[in-house]
Every structure is written in C-alpha cells, then in structure tokens.
Amino acid sequence: MRLDLLSRPAWQASLARFALLLALAAAIGVATGHIELALVVALFGYALFSLFNLYRLRVWLESRQRVAPPDLIGAWGDVAEFIHFRLRAARTRQRRLVRLLRAFREAADALPDAVIVLDAQRRIVWLNRAAGRLLRLKLARDRGHLVDDFLPHPQMRAWLADQPEREPLFDVPSPEDEGVRLALRMMPYGGDQRLLIVRDISVLARLEQVRRDFVANVSHELRTPLTVLHGYLDMIEPDEAPGFAPMLDDLRTQSRRMAQIVEDLLTLSRLEAPQAPPDELVSMAPMVAALAREAEGLSRGRHVVELGEIAPLDLVGAPQYLHSAFSNLVSNAVRYTPPGGRITIAWQQLPNGGARLAVSDTGYGIPAEHIPRITERFYRVSTSRSRALGGTGLGLSIVKHVLALHGARLEIESEVGRGSTFACVFGPERAHAAAVEPGLVTATVTS
Ligand code: ADP
C-alpha cells in the first residue's frame, strides 16, 4: 500500500517539491554560509504549509459533506479526494438502507394484520397501521407501554401469562368491538424481541358458527323422525313376518346407529358452545366405580374388568361432560378388545400434582400412523370393524373436546395386537384431595 502511494503522481510531485525545497535551502545556505539556518527556515515553512493544509481539511470535514473538497495540492489533495470518495460511498449506502427500511415499513403498513414489535419485557417498540385499527394503538402515544395493557380480555390475559410463543390464541373478541373476532400469535425474533401478529378472523369465525349451527340444527331435526322410525320398527314383531326377520334386524341396527350418530353430533355441538359449563368438584371414586359397571354391562361377561390404582383425588370440571368422555374411552376399550381380554381403569396422581384417568385394554391396538388422526371426526382405523361394533367415529372427537374444555390432554399408547392405553391428563389446578377415602372402590371388580 505504501509503495503504491509512492507510485501515485500526486505523492511523487509532493516528494519532488519537498526535495527541491531542501536542495534550494541547502544552496542558499552554502551561498550565505548559514546552511543550518537556511534548512531550519525551509523546514519551518514546510511545517506551516502542512498545518495550513490540515486546517483547510478540517474546515471542509466540519462543513456539510456535500461541498466539494478544498483544492489542495499534492499528497494533501490526494488525501482529500480519498476522504471525499469514501464519504460519498457511505452516503449512497445510507440512502439505500433508508429506502429499504421505508419500503419494509410501507409493506408492513399495507398488511391487513396488526404487526407489533415488542422488546423482551413486551413493551411496544413499533407497530403498523393495522395495529392502530384493530387495537386502537398509536405509536407516538403508546411506544414503551406494556402491550398487555391493551389486551384486557381474560382469555388474552391467560394466554399472555402462559408462554404465548408456544401456541396462538384463536377467536377472542377485540377489545374495541365484541363483534370483531381476533387471532393472536407471538413470535420471538432478533435476539430477545417479540413480534405480535393480530389477525381479524371475524369472517372465519362467522363461517365456523354457521357450520356449527348447521350441524346442530340438522342433528336436531333428524332426532324426531328417527325416534318415530325406531318406534315403529320396535312395534313390528319378527314372528309376524318371519321372512322379513333378517331385514328387520338390520333396519333396527342401522336406525340405532343413526340415532347414536345424531346424539354424538348434538353432544359435539354442545361442547363447541362458546360458554364453557360451570365447574364442580367431581368425586372420582364413584365416577370410576360407575365406569367399571358400565364396562361390565357392555362386555356382558366377555372381558375381565378391573380397577387399577385409585388416587384419593377429586376432579374440578363439568361432571356430565367428563363422564361422557370417560365412558367413550371405556366403551372403545370393550368394543376393540376381543373376548377374554382385560380392561383396566385407573385414576392416578402425577408427580406434578395433576392426575390422569387411564383406560387400558389388551385389545387390537392401533397402528402408529393412525394415532395422530384418531381424534378427528369420523376417523376410524377400520371403518368396517367400527361399524360392526356400533361405532360412530365421533367418540374420541367428543373426548378431545371435553378435555380441551378442561385444559387437559389425551395421551395414547398403543401396540398392534397387544392393546392400548388412553389417558386423560389433568393439570394440578384440576386435582384436589378427595373428601372421602376411596376404600370401597379399590377392590377389583371382575365379571
Ligand atoms: P368409533 O365410534 O368408531 O369407535 P372413536 O372416535 O371412538 O369412533 O374411535 C375412532 C377409532 O379409533 C375407532 O374406529 C377405532 O378404530 C380406534 N380406537 C379407538 N379406541 C380404540 C381402542 N381402545 N383400541 C383400538 N382401537 C381403538
């Protein structure tokens, strides 16, 4: 680099001028007999000249950068040109970045969804135009405020309190207008910042409501004709028309199946209602005993039904819904276990203070690839087997909804040919020490 500089004409000229100055001073010194004095005067003059150039450079740098560099000679001019070139390049880069930033902001402003940038403490750093519309936020006024203060709905509060990055929150009313339904999603980004995206899903929520109402109304309308049909079928004695006996039997089975589907659909509609049923303290010892009796009734002596560990815990929830979910698991265990199999019902305490109701069987089991989809409506591993056993394909869907209402989850373990365990896992807030010791029901119930 240094050698490069020496090869530049400006630096060569400066060096030549300096050498000439020294040679001139030396010549004058020799002529006058004061060589040292002549050299000192020449060097002093050169230093003054350099200082003056430095001063002009400094004045230029302090002035607005768009002004052309001062007209300096030699190496000084070269340095000024170089600084000027670097400053111009930096300005161009800066302009490009500003343009890019503006384009990003305009794109974010054009989004129909509210985008709010938050710091690690969830204080507002930036927001787009839609955030102003959907949440009535104003950047100038609300910058630095906790976003929690603008999300007052209890569901939003609970969501914010419980790691909101984990999963989005769907279908909550807007703080401004109850009729506007919102979906909220929080994402970590850029170190410890957060991005909150709020979407207006009112249209989607209305469509979902239409779907729910449709299913509920159709199921409700079908109930009466099916009851009538069922009634007439029951009135016909097979002995009166022996030729029709097999057909009559089939008709009865099918109408019972239809009635069960309608009942299950109505249960699902009730479970999807926006207001959750009130919580009660459900005594689990009698509940488990009732489930065991139901299993025995369904099995009619074909299986061994037994109780496993019964923890002295009661459950906070909606008793009818919980019973409906548990008895669906029990009925599946009986239906999908060949005669001679064993069905075990247990109510266990978990190390975290929660509890789980587990129904295990030694039945057909479920291939692993079906397990993720098994709680979908009408999803069956084997449609023919399910139908033959009186299934509707809605049982586990009901279980999933009931558990969601209770903030609980369904755990499924299964091995083909060995059996399955379906466990409803409840959090510690739902499990309470039982009022009475469950001594009576710990005894094994066998058929
Ligand atoms: P269904 O009315 O058909 O039983 P469910 O929603 O209750 O509907 O169950 C869905 C499917 O899951 C069933 O069709 C069956 O294939 C499978 N299944 C559920 N429980 C068990 C079980 N205990 N053992 C084996 N398969 C099961």
# chains A, B, ... in the order shown; residues from 1 in each chain; ligands from 1
>>> residues_around(residues="Val381 of chain A", least_positions_apart="2", cutoff="9 Å", atoms="only C-alpha atoms", output="PyMOL selection string")
chain A and resi 366-367+370-371+374+379+383+385-386
>>> residues_near_ligand(ligand="ligand 1", cutoff="8 Å", atoms="only C-alpha atoms and all ligand atoms", output="ChimeraX atom specification")
/A:328-330,332-337,360-361,363-366,374-383,385-387,389-398,414,419-422
>>> residues_around(residues="Arg223 of chain A", least_positions_apart="5", cutoff="9 Å", atoms="only C-alpha atoms", output="JSON, numbers by chain")
{"A": [218, 228, 259, 262, 263]}
>>> closest_residue(among="A:Ala355, A:Ala10, A:Ile345, A:Ala295", to="Ala75 of chain A", atoms="only C-alpha atoms")
A:Ala10
>>> select_by_dssp(residues="segment 98-174 of chain A", states="strand (DSSP E)", output="VMD selection string")
chain A and resid 114 to 118 124 to 127 169 to 173
>>> closest_residue(among="A:His145, A:Glu369, A:Ser14, A:Ser174", to="Asp78 of chain A", atoms="only C-alpha atoms")
A:Ser14
>>> residues_around(residues="segment 231-233 of chain A", least_positions_apart="3", cutoff="10 Å", atoms="only C-alpha atoms", output="list in words")
Pro225, Leu226, Thr227, Val228, Ile236, Glu237, Pro238, Leu248, Asp249, Leu251, Arg252 and Ser255 of chain A
>>> write_last_selection(atoms="C-alpha atoms", output="mmCIF file, in the first residue's frame")
data_model
loop_
_atom_site.group_PDB
_atom_site.id
_atom_site.type_symbol
_atom_site.label_atom_id
_atom_site.label_comp_id
_atom_site.auth_asym_id
_atom_site.auth_seq_id
_atom_site.Cartn_x
_atom_site.Cartn_y
_atom_site.Cartn_z
ATOM 1 C CA PRO A 225 -88.056 -38.719 12.517
ATOM 2 C CA LEU A 226 -85.508 -41.222 13.782
ATOM 3 C CA THR A 227 -87.401 -41.690 17.039
ATOM 4 C CA VAL A 228 -90.609 -42.299 15.084
ATOM 5 C CA ILE A 236 -93.116 -54.942 14.451
ATOM 6 C CA GLU A 237 -92.639 -58.402 15.888
ATOM 7 C CA PRO A 238 -90.283 -60.578 13.811
ATOM 8 C CA LEU A 248 -85.939 -56.086 10.292
ATOM 9 C CA ASP A 249 -82.906 -56.841 12.413
ATOM 10 C CA LEU A 251 -83.123 -51.980 9.962
ATOM 11 C CA ARG A 252 -83.097 -51.813 13.757
ATOM 12 C CA SER A 255 -81.609 -46.902 12.886
#
>>> residues_around(residues="Leu266 of chain A", least_positions_apart="4", cutoff="8 Å", atoms="only C-alpha atoms", output="list in words")
Val215, Ala216, Ser219, His220, Val262 and Arg270 of chain A
>>> write_last_selection(atoms="all heavy atoms", output="short mmCIF file (atom, residue, chain, number, x, y, z; two decimals), in the first residue's frame")
data_model
loop_
_atom_site.label_atom_id
_atom_site.label_comp_id
_atom_site.auth_asym_id
_atom_site.auth_seq_id
_atom_site.Cartn_x
_atom_site.Cartn_y
_atom_site.Cartn_z
N VAL A 215 -74.80 -28.10 11.67
CA VAL A 215 -74.69 -29.48 12.19
C VAL A 215 -75.68 -29.67 13.35
O VAL A 215 -76.40 -30.67 13.41
CB VAL A 215 -73.25 -29.78 12.66
CG1 VAL A 215 -73.16 -31.12 13.35
CG2 VAL A 215 -72.30 -29.74 11.47
N ALA A 216 -75.75 -28.66 14.24
CA ALA A 216 -76.64 -28.79 15.39
C ALA A 216 -78.10 -28.85 14.93
O ALA A 216 -78.87 -29.70 15.40
CB ALA A 216 -76.43 -27.61 16.33
N SER A 219 -78.87 -32.17 13.07
CA SER A 219 -78.94 -33.28 14.03
C SER A 219 -80.24 -33.20 14.82
O SER A 219 -80.92 -34.22 15.03
CB SER A 219 -77.78 -33.24 15.02
OG SER A 219 -76.60 -32.97 14.35
N HIS A 220 -80.59 -31.99 15.20
CA HIS A 220 -81.80 -31.81 15.99
C HIS A 220 -83.05 -32.20 15.18
O HIS A 220 -83.93 -32.89 15.68
CB HIS A 220 -81.90 -30.35 16.43
CG HIS A 220 -82.83 -30.17 17.56
ND1 HIS A 220 -82.51 -30.54 18.85
CD2 HIS A 220 -84.10 -29.70 17.59
CE1 HIS A 220 -83.53 -30.29 19.62
NE2 HIS A 220 -84.50 -29.78 18.90
N VAL A 262 -76.56 -39.08 15.61
CA VAL A 262 -77.24 -37.81 15.87
C VAL A 262 -76.96 -37.35 17.30
O VAL A 262 -76.64 -36.18 17.54
CB VAL A 262 -78.76 -37.96 15.60
CG1 VAL A 262 -79.54 -36.81 16.20
CG2 VAL A 262 -79.01 -38.05 14.11
N ARG A 270 -72.89 -29.16 21.53
CA ARG A 270 -72.95 -28.56 22.87
C ARG A 270 -71.54 -28.25 23.38
O ARG A 270 -71.29 -27.22 23.98
CB ARG A 270 -73.66 -29.53 23.84
CG ARG A 270 -75.17 -29.37 23.83
CD ARG A 270 -75.78 -30.06 25.04
NE ARG A 270 -75.61 -31.51 25.01
CZ ARG A 270 -76.41 -32.34 24.36
NH1 ARG A 270 -77.45 -31.89 23.70
NH2 ARG A 270 -76.19 -33.63 24.37
#
>>> atom_distance(atom1="atom CA of Ala434 of chain A", atom2="atom CA of Asp314 of chain A")
4.9 Å
